[in-house]
>>> print(open('target_4.cif').read())   # mmCIF, C-alpha atoms
data_work
#
loop_
_atom_site.group_PDB
_atom_site.id
_atom_site.type_symbol
_atom_site.label_atom_id
_atom_site.label_comp_id
_atom_site.auth_asym_id
_atom_site.auth_seq_id
_atom_site.Cartn_x
_atom_site.Cartn_y
_atom_site.Cartn_z
ATOM 1 C CA MET A 53 53.134 143.657 154.135
ATOM 2 C CA LEU A 54 56.144 144.827 156.097
ATOM 3 C CA ARG A 55 59.289 145.491 154.095
ATOM 4 C CA LEU A 56 62.420 144.173 155.781
ATOM 5 C CA THR A 57 64.490 146.977 154.283
ATOM 6 C CA THR A 58 62.454 149.377 156.406
ATOM 7 C CA VAL A 59 63.038 147.260 159.521
ATOM 8 C CA ARG A 60 66.756 147.055 158.757
ATOM 9 C CA GLN A 61 67.001 150.837 158.305
ATOM 10 C CA ASN A 62 64.895 151.738 161.326
ATOM 11 C CA ILE A 63 66.350 149.395 163.945
ATOM 12 C CA GLY A 64 69.667 148.341 162.447
ATOM 13 C CA ILE A 65 69.166 144.570 162.175
ATOM 14 C CA ASP A 66 71.595 142.563 160.052
ATOM 15 C CA LEU A 67 69.378 140.530 157.745
ATOM 16 C CA SER A 68 72.070 139.112 155.455
ATOM 17 C CA SER A 69 71.411 135.499 156.502
ATOM 18 C CA PHE A 70 67.682 135.980 155.961
ATOM 19 C CA THR A 71 67.519 137.884 152.685
ATOM 20 C CA ASN A 72 68.531 134.916 150.533
ATOM 21 C CA LYS A 73 65.263 133.252 151.606
ATOM 22 C CA VAL A 74 63.031 136.312 151.267
ATOM 23 C CA ARG A 75 63.354 137.500 147.694
ATOM 24 C CA ARG A 76 61.195 140.610 148.016
ATOM 25 C CA LEU A 77 62.400 141.474 151.522
ATOM 26 C CA GLU A 78 58.860 141.241 152.873
ATOM 27 C CA VAL A 79 57.369 139.405 155.808
ATOM 28 C CA PRO A 80 55.663 137.189 156.795
ATOM 29 C CA THR A 81 57.865 134.303 155.793
ATOM 30 C CA PHE A 82 57.281 130.714 156.897
ATOM 31 C CA LYS A 83 59.959 128.015 156.994
ATOM 32 C CA ASP A 84 59.008 124.324 157.048
ATOM 33 C CA GLY A 85 62.224 122.311 157.015
ATOM 34 C CA ASP A 86 64.023 123.422 153.854
ATOM 35 C CA ILE A 87 60.874 124.930 152.345
ATOM 36 C CA VAL A 88 60.442 128.693 152.598
ATOM 37 C CA VAL A 89 57.052 130.239 151.774
ATOM 38 C CA ASN A 90 56.493 134.003 151.541
ATOM 39 C CA GLU A 91 53.196 135.927 151.450
ATOM 40 C CA SER A 92 50.377 135.482 153.965
ATOM 41 C CA ASN A 93 47.861 133.827 151.663
ATOM 42 C CA ALA A 94 50.448 131.465 150.176
ATOM 43 C CA ILE A 95 51.481 130.438 153.695
ATOM 44 C CA CYS A 96 47.854 129.757 154.627
ATOM 45 C CA GLU A 97 47.279 127.638 151.518
ATOM 46 C CA TYR A 98 50.570 125.795 151.998
ATOM 47 C CA LEU A 99 49.695 124.900 155.592
ATOM 48 C CA GLU A 100 46.170 123.807 154.665
ATOM 49 C CA CYS A 101 47.320 121.613 151.770
ATOM 50 C CA THR A 102 50.373 120.197 153.514
ATOM 51 C CA TYR A 103 48.803 119.522 156.916
ATOM 52 C CA LYS A 104 45.146 119.024 156.005
ATOM 53 C CA ASP A 105 44.964 115.939 158.237
ATOM 54 C CA LYS A 106 45.925 118.010 161.300
ATOM 55 C CA GLY A 107 43.343 120.088 163.141
ATOM 56 C CA THR A 108 40.310 121.691 161.568
ATOM 57 C CA GLN A 109 40.073 121.537 157.790
ATOM 58 C CA LEU A 110 39.677 125.132 156.567
ATOM 59 C CA ILE A 111 39.080 124.309 152.897
ATOM 60 C CA PRO A 112 36.308 121.692 152.747
ATOM 61 C CA THR A 113 36.453 118.566 150.582
ATOM 62 C CA ASP A 114 32.747 118.818 149.692
ATOM 63 C CA LYS A 115 32.729 120.345 146.189
ATOM 64 C CA ALA A 116 29.959 122.897 146.766
ATOM 65 C CA LYS A 117 31.372 124.065 150.111
ATOM 66 C CA ARG A 118 34.889 124.151 148.670
ATOM 67 C CA ALA A 119 33.724 126.276 145.740
ATOM 68 C CA ARG A 120 32.094 128.788 148.075
ATOM 69 C CA VAL A 121 35.153 128.983 150.351
ATOM 70 C CA LEU A 122 37.537 129.431 147.406
ATOM 71 C CA GLN A 123 35.289 132.089 145.881
ATOM 72 C CA ARG A 124 35.100 134.078 149.121
ATOM 73 C CA MET A 125 38.862 133.720 149.725
ATOM 74 C CA HIS A 126 39.737 135.220 146.378
ATOM 75 C CA GLU A 127 36.925 137.754 146.519
ATOM 76 C CA ALA A 128 38.310 139.071 149.806
ATOM 77 C CA ALA A 129 41.890 139.109 148.538
ATOM 78 C CA ALA A 130 40.950 140.961 145.354
ATOM 79 C CA ASN A 131 38.096 143.263 146.337
ATOM 80 C CA MET A 132 38.562 144.059 150.025
ATOM 81 C CA GLN A 133 42.258 144.663 149.530
ATOM 82 C CA GLN A 134 41.721 146.838 146.464
ATOM 83 C CA LYS A 135 38.793 148.950 147.640
ATOM 84 C CA LEU A 136 39.529 149.387 151.339
ATOM 85 C CA VAL A 137 43.306 149.193 151.516
ATOM 86 C CA LEU A 138 44.913 150.069 148.195
ATOM 87 C CA ASP A 139 42.386 152.608 146.907
ATOM 88 C CA LEU A 140 41.116 154.278 150.072
ATOM 89 C CA LEU A 141 43.533 153.740 152.933
ATOM 90 C CA TYR A 142 46.681 154.183 150.864
ATOM 91 C CA TYR A 143 45.223 157.412 149.482
ATOM 92 C CA PHE A 144 45.255 158.785 153.036
ATOM 93 C CA PHE A 145 48.705 157.369 153.762
ATOM 94 C CA GLN A 146 50.302 158.564 150.538
ATOM 95 C CA THR A 147 48.571 161.889 149.898
ATOM 96 C CA LYS A 148 49.329 164.940 152.003
ATOM 97 C CA GLU A 149 46.251 166.341 153.669
ATOM 98 C CA GLU A 150 46.474 169.591 151.704
ATOM 99 C CA ASP A 151 46.652 167.638 148.414
ATOM 100 C CA ARG A 152 43.625 165.411 149.059
ATOM 101 C CA LYS A 153 40.622 166.040 146.858
ATOM 102 C CA GLU A 154 37.273 165.541 148.591
ATOM 103 C CA GLU A 155 35.594 164.334 145.390
ATOM 104 C CA GLU A 156 38.312 161.663 145.063
ATOM 105 C CA VAL A 157 37.857 160.661 148.701
ATOM 106 C CA ALA A 158 34.062 160.504 148.239
ATOM 107 C CA LYS A 159 34.428 158.239 145.192
ATOM 108 C CA LYS A 160 36.772 155.875 147.037
ATOM 109 C CA VAL A 161 34.562 155.862 150.159
ATOM 110 C CA GLU A 162 31.510 154.993 148.039
ATOM 111 C CA ALA A 163 33.334 152.046 146.424
ATOM 112 C CA ALA A 164 34.452 150.832 149.875
ATOM 113 C CA LYS A 165 30.887 151.125 151.220
ATOM 114 C CA GLU A 166 29.521 149.150 148.279
ATOM 115 C CA GLU A 167 32.049 146.397 148.944
ATOM 116 C CA LEU A 168 31.247 146.348 152.660
ATOM 117 C CA ASP A 169 27.529 146.198 151.841
ATOM 118 C CA ARG A 170 28.185 143.122 149.696
ATOM 119 C CA TRP A 171 29.942 141.368 152.599
ATOM 120 C CA GLU A 172 27.230 142.525 154.997
ATOM 121 C CA ALA A 173 24.735 140.734 152.735
ATOM 122 C CA TYR A 174 26.865 137.570 152.603
ATOM 123 C CA LEU A 175 27.007 137.518 156.395
ATOM 124 C CA GLY A 176 23.253 138.114 156.532
ATOM 125 C CA GLU A 177 22.743 135.016 154.390
ATOM 126 C CA THR A 178 25.071 132.746 156.370
ATOM 127 C CA LYS A 179 24.327 134.163 159.851
ATOM 128 C CA ALA A 180 27.765 132.870 160.816
ATOM 129 C CA PHE A 181 30.942 133.085 158.739
ATOM 130 C CA VAL A 182 31.667 134.476 155.284
ATOM 131 C CA ALA A 183 31.339 131.185 153.391
ATOM 132 C CA GLY A 184 28.811 129.328 155.523
ATOM 133 C CA PRO A 185 28.139 127.999 159.005
ATOM 134 C CA ASP A 186 31.762 127.047 159.745
ATOM 135 C CA PHE A 187 34.951 129.063 160.141
ATOM 136 C CA SER A 188 37.005 128.526 156.984
ATOM 137 C CA MET A 189 40.017 129.761 155.053
ATOM 138 C CA ALA A 190 37.720 132.438 153.618
ATOM 139 C CA ASP A 191 37.504 133.915 157.118
ATOM 140 C CA VAL A 192 41.285 133.683 157.525
ATOM 141 C CA TRP A 193 41.621 135.845 154.414
ATOM 142 C CA PHE A 194 38.666 138.189 155.075
ATOM 143 C CA TYR A 195 38.865 138.945 158.785
ATOM 144 C CA PRO A 196 42.188 140.859 158.737
ATOM 145 C CA PHE A 197 40.680 143.420 156.357
ATOM 146 C CA ILE A 198 37.809 144.055 158.771
ATOM 147 C CA ALA A 199 40.041 144.102 161.849
ATOM 148 C CA PHE A 200 42.423 146.594 160.242
ATOM 149 C CA SER A 201 39.508 148.703 158.979
ATOM 150 C CA VAL A 202 38.078 148.830 162.508
ATOM 151 C CA ARG A 203 41.507 149.893 163.707
ATOM 152 C CA MET A 204 41.399 152.661 161.072
ATOM 153 C CA GLY A 205 38.013 153.892 162.346
ATOM 154 C CA LEU A 206 35.409 151.740 160.556
ATOM 155 C CA GLU A 207 32.212 151.940 162.605
ATOM 156 C CA LEU A 208 30.591 148.516 162.462
ATOM 157 C CA GLU A 209 27.309 149.680 163.987
ATOM 158 C CA LYS A 210 26.292 150.520 160.401
ATOM 159 C CA PHE A 211 26.885 146.868 159.469
ATOM 160 C CA PRO A 212 25.114 144.712 162.120
ATOM 161 C CA ASN A 213 25.920 141.339 160.507
ATOM 162 C CA MET A 214 29.562 142.308 160.152
ATOM 163 C CA LYS A 215 29.619 143.587 163.731
ATOM 164 C CA ALA A 216 28.321 140.234 165.019
ATOM 165 C CA TYR A 217 30.874 138.444 162.826
ATOM 166 C CA TYR A 218 33.731 140.699 163.963
ATOM 167 C CA ASP A 219 32.875 140.174 167.639
ATOM 168 C CA LYS A 220 32.581 136.390 167.190
ATOM 169 C CA VAL A 221 35.859 136.016 165.282
ATOM 170 C CA THR A 222 37.754 138.461 167.503
ATOM 171 C CA ALA A 223 36.831 136.326 170.524
ATOM 172 C CA ARG A 224 38.435 133.200 169.006
ATOM 173 C CA PRO A 225 41.502 132.074 171.004
ATOM 174 C CA SER A 226 43.639 131.958 167.836
ATOM 175 C CA ILE A 227 42.807 135.603 167.091
ATOM 176 C CA GLN A 228 43.492 136.673 170.661
ATOM 177 C CA LYS A 229 46.895 134.932 170.561
ATOM 178 C CA SER A 230 47.857 136.614 167.298
ATOM 179 C CA TRP A 231 46.377 140.073 167.990
ATOM 180 C CA PRO A 232 49.076 142.725 167.473
ATOM 181 C CA PRO A 233 50.303 143.716 170.955
ATOM 182 C CA HIS A 234 50.291 147.445 170.175
ATOM 183 C CA TRP A 235 46.599 147.190 169.201
ATOM 184 C CA LYS A 236 45.878 146.000 172.744
ATOM 185 C CA GLU A 237 48.015 148.683 174.348
ATOM 186 C CA GLU A 238 47.029 151.847 172.514
ATOM 187 C CA PRO A 239 44.429 153.200 170.103
ATOM 188 C CA ALA A 240 45.367 153.956 166.507
ATOM 189 C CA LYS A 241 47.009 157.322 166.005
ATOM 190 C CA PHE A 242 45.329 157.689 162.621
ATOM 191 C CA SER A 243 41.668 156.853 161.908
ATOM 192 C CA PRO A 244 40.854 157.916 158.339
ATOM 193 C CA PHE A 245 37.704 155.744 158.123
ATOM 194 C CA LYS A 246 36.079 157.337 161.188
ATOM 195 C CA GLY A 247 32.996 159.293 160.186
ATOM 196 C CA ARG A 248 33.424 158.355 156.527
ATOM 197 C CA ILE A 249 32.316 154.716 156.355
#
>>> encode(input="target_4.cif", output="structure tokens")
Amino acid sequence: MLRLTTVRQNIGIDLSSFTNKVRRLEVPTFKDGDIVVNESNAICEYLECTYKDKGTQLIPTDKAKRARVLQRMHEAAANMQQKLVLDLLYYFFQTKEEDRKEEEVAKKVEAAKEELDRWEAYLGETKAFVAGPDFSMADVWFYPFIAFSVRMGLELEKFPNMKAYYDKVTARPSIQKSWPPHWKEEPAKFSPFKGRI
């Protein structure tokens, strides 16, 4: 989540007309007429519920398929975010190198590996996407965690099902259109996952 206060400070943009719509000063923000929706997952759910008759349905109507998609969506949001981003990655971002404790890093790496192993198994069962044979909202929520982890040095060769999934989803036209331009232009300057996971 990008804080607009940081953008305002770093590049001097006047956001006064925008801040009344974005209560936490975070992006992304989506505007649909007079409706303003903040937070990535809320935007995804809003679009799916509001425009479910347009394009591919990402949350199925079939009860069993819907249950699986919803479970995987919330599993990714809770567990992938906590174990890979908040616990492990933020530890590297927020702790000076000289203050890092290897036993703490090892504990966080082990928890991240266990979570990745769980998703590797899910992908082994489906042989396609995280909730079944079709791309769904669960993939919309899950894939960014894997893409960012790869950017941070995650070596997918250790996770063959996830590697196949990552390659397949990365090749989707919608992903290519939304891929961060700086990811295409230059490698990450910081790769804390490399050699650890």
>>> residues_around(input="target_4.cif", residues="Tyr217 in chain A", least_positions_apart="2", cutoff="8 Å", atoms="only C-alpha atoms", output="number ranges by chain")
A: 175, 180-181, 213-215, 219-221
>>> atom_distance(input="target_4.cif", atom1="CA of Pro239 in chain A", atom2="CA of Ala223 in chain A")
18.5 Å
>>> resolve_selection(input="target_4.cif", expression="the PyMOL selection byres ((chain A and resi 144-146) around 12)", output="MDAnalysis selection string")
chainID A and resid 136:143 147:154 156:157 160:161 204 242:245
>>> write_last_selection(input="target_4.cif", atoms="C-alpha atoms", output="CSV table (one decimal), in the frame of the given file")
chain,number,residue,atom,x,y,z
A,136,LEU,CA,39.5,149.4,151.3
A,137,VAL,CA,43.3,149.2,151.5
A,138,LEU,CA,44.9,150.1,148.2
A,139,ASP,CA,42.4,152.6,146.9
A,140,LEU,CA,41.1,154.3,150.1
A,141,LEU,CA,43.5,153.7,152.9
A,142,TYR,CA,46.7,154.2,150.9
A,143,TYR,CA,45.2,157.4,149.5
A,147,THR,CA,48.6,161.9,149.9
A,148,LYS,CA,49.3,164.9,152.0
A,149,GLU,CA,46.3,166.3,153.7
A,150,GLU,CA,46.5,169.6,151.7
A,151,ASP,CA,46.7,167.6,148.4
A,152,ARG,CA,43.6,165.4,149.1
A,153,LYS,CA,40.6,166.0,146.9
A,154,GLU,CA,37.3,165.5,148.6
A,156,GLU,CA,38.3,161.7,145.1
A,157,VAL,CA,37.9,160.7,148.7
A,160,LYS,CA,36.8,155.9,147.0
A,161,VAL,CA,34.6,155.9,150.2
A,204,MET,CA,41.4,152.7,161.1
A,242,PHE,CA,45.3,157.7,162.6
A,243,SER,CA,41.7,156.9,161.9
A,244,PRO,CA,40.9,157.9,158.3
A,245,PHE,CA,37.7,155.7,158.1
>>> residues_around(input="target_4.cif", residues="Ala129 in chain A", least_positions_apart="5", cutoff="12 Å", atoms="only C-alpha atoms", output="list of chain:residue names")
A:Ser92, A:Asn93, A:Ala94, A:Leu122, A:Gln123, A:Arg124, A:Gln134, A:Lys135, A:Leu136, A:Val137, A:Leu138, A:Met189, A:Ala190, A:Asp191, A:Val192, A:Trp193, A:Phe194, A:Tyr195, A:Pro196, A:Phe197
>>> residues_around(input="target_4.cif", residues="Leu168 in chain A", least_positions_apart="3", cutoff="9 Å", atoms="all atoms listed in the file", output="list in words")
Met132, Leu136, Ala163, Ala164, Lys165, Trp171, Glu172, Ala173, Phe211 and Met214 of chain A
>>> write_last_selection(input="target_4.cif", atoms="C-alpha atoms", output="PDB file, in the coordinates of the input")
ATOM      1  CA  MET A 132      38.562 144.059 150.025  1.00  0.00           C
ATOM      2  CA  LEU A 136      39.529 149.387 151.339  1.00  0.00           C
ATOM      3  CA  ALA A 163      33.334 152.046 146.424  1.00  0.00           C
ATOM      4  CA  ALA A 164      34.452 150.832 149.875  1.00  0.00           C
ATOM      5  CA  LYS A 165      30.887 151.125 151.220  1.00  0.00           C
ATOM      6  CA  TRP A 171      29.942 141.368 152.599  1.00  0.00           C
ATOM      7  CA  GLU A 172      27.230 142.525 154.997  1.00  0.00           C
ATOM      8  CA  ALA A 173      24.735 140.734 152.735  1.00  0.00           C
ATOM      9  CA  PHE A 211      26.885 146.868 159.469  1.00  0.00           C
ATOM     10  CA  MET A 214      29.562 142.308 160.152  1.00  0.00           C
TER      11      MET A 214
END
>>> closest_residue(input="target_4.cif", among="A:Lys210, A:Arg170, A:Arg120, A:Lys236", to="Ile249 in chain A", atoms="all atoms listed in the file")
A:Lys210
>>> atom_distance(input="target_4.cif", atom1="CA of Asp114 in chain A", atom2="CA of Tyr218 in chain A")
26.1 Å
>>> resolve_selection(input="target_4.cif", expression="the PyMOL selection byres ((chain A and resi 231) around 12)", output="ChimeraX atom specification")
/A:195-196,199-200,203,221-230,232-237
>>> write_last_selection(input="target_4.cif", atoms="C-alpha atoms", output="PDB file, keeping the file's coordinate frame")
ATOM      1  CA  TYR A 195      38.865 138.945 158.785  1.00  0.00           C
ATOM      2  CA  PRO A 196      42.188 140.859 158.737  1.00  0.00           C
ATOM      3  CA  ALA A 199      40.041 144.102 161.849  1.00  0.00           C
ATOM      4  CA  PHE A 200      42.423 146.594 160.242  1.00  0.00           C
ATOM      5  CA  ARG A 203      41.507 149.893 163.707  1.00  0.00           C
ATOM      6  CA  VAL A 221      35.859 136.016 165.282  1.00  0.00           C
ATOM      7  CA  THR A 222      37.754 138.461 167.503  1.00  0.00           C
ATOM      8  CA  ALA A 223      36.831 136.326 170.524  1.00  0.00           C
ATOM      9  CA  ARG A 224      38.435 133.200 169.006  1.00  0.00           C
ATOM     10  CA  PRO A 225      41.502 132.074 171.004  1.00  0.00           C
ATOM     11  CA  SER A 226      43.639 131.958 167.836  1.00  0.00           C
ATOM     12  CA  ILE A 227      42.807 135.603 167.091  1.00  0.00           C
ATOM     13  CA  GLN A 228      43.492 136.673 170.661  1.00  0.00           C
ATOM     14  CA  LYS A 229      46.895 134.932 170.561  1.00  0.00           C
ATOM     15  CA  SER A 230      47.857 136.614 167.298  1.00  0.00           C
ATOM     16  CA  PRO A 232      49.076 142.725 167.473  1.00  0.00           C
ATOM     17  CA  PRO A 233      50.303 143.716 170.955  1.00  0.00           C
ATOM     18  CA  HIS A 234      50.291 147.445 170.175  1.00  0.00           C
ATOM     19  CA  TRP A 235      46.599 147.190 169.201  1.00  0.00           C
ATOM     20  CA  LYS A 236      45.878 146.000 172.744  1.00  0.00           C
ATOM     21  CA  GLU A 237      48.015 148.683 174.348  1.00  0.00           C
TER      22      GLU A 237
END
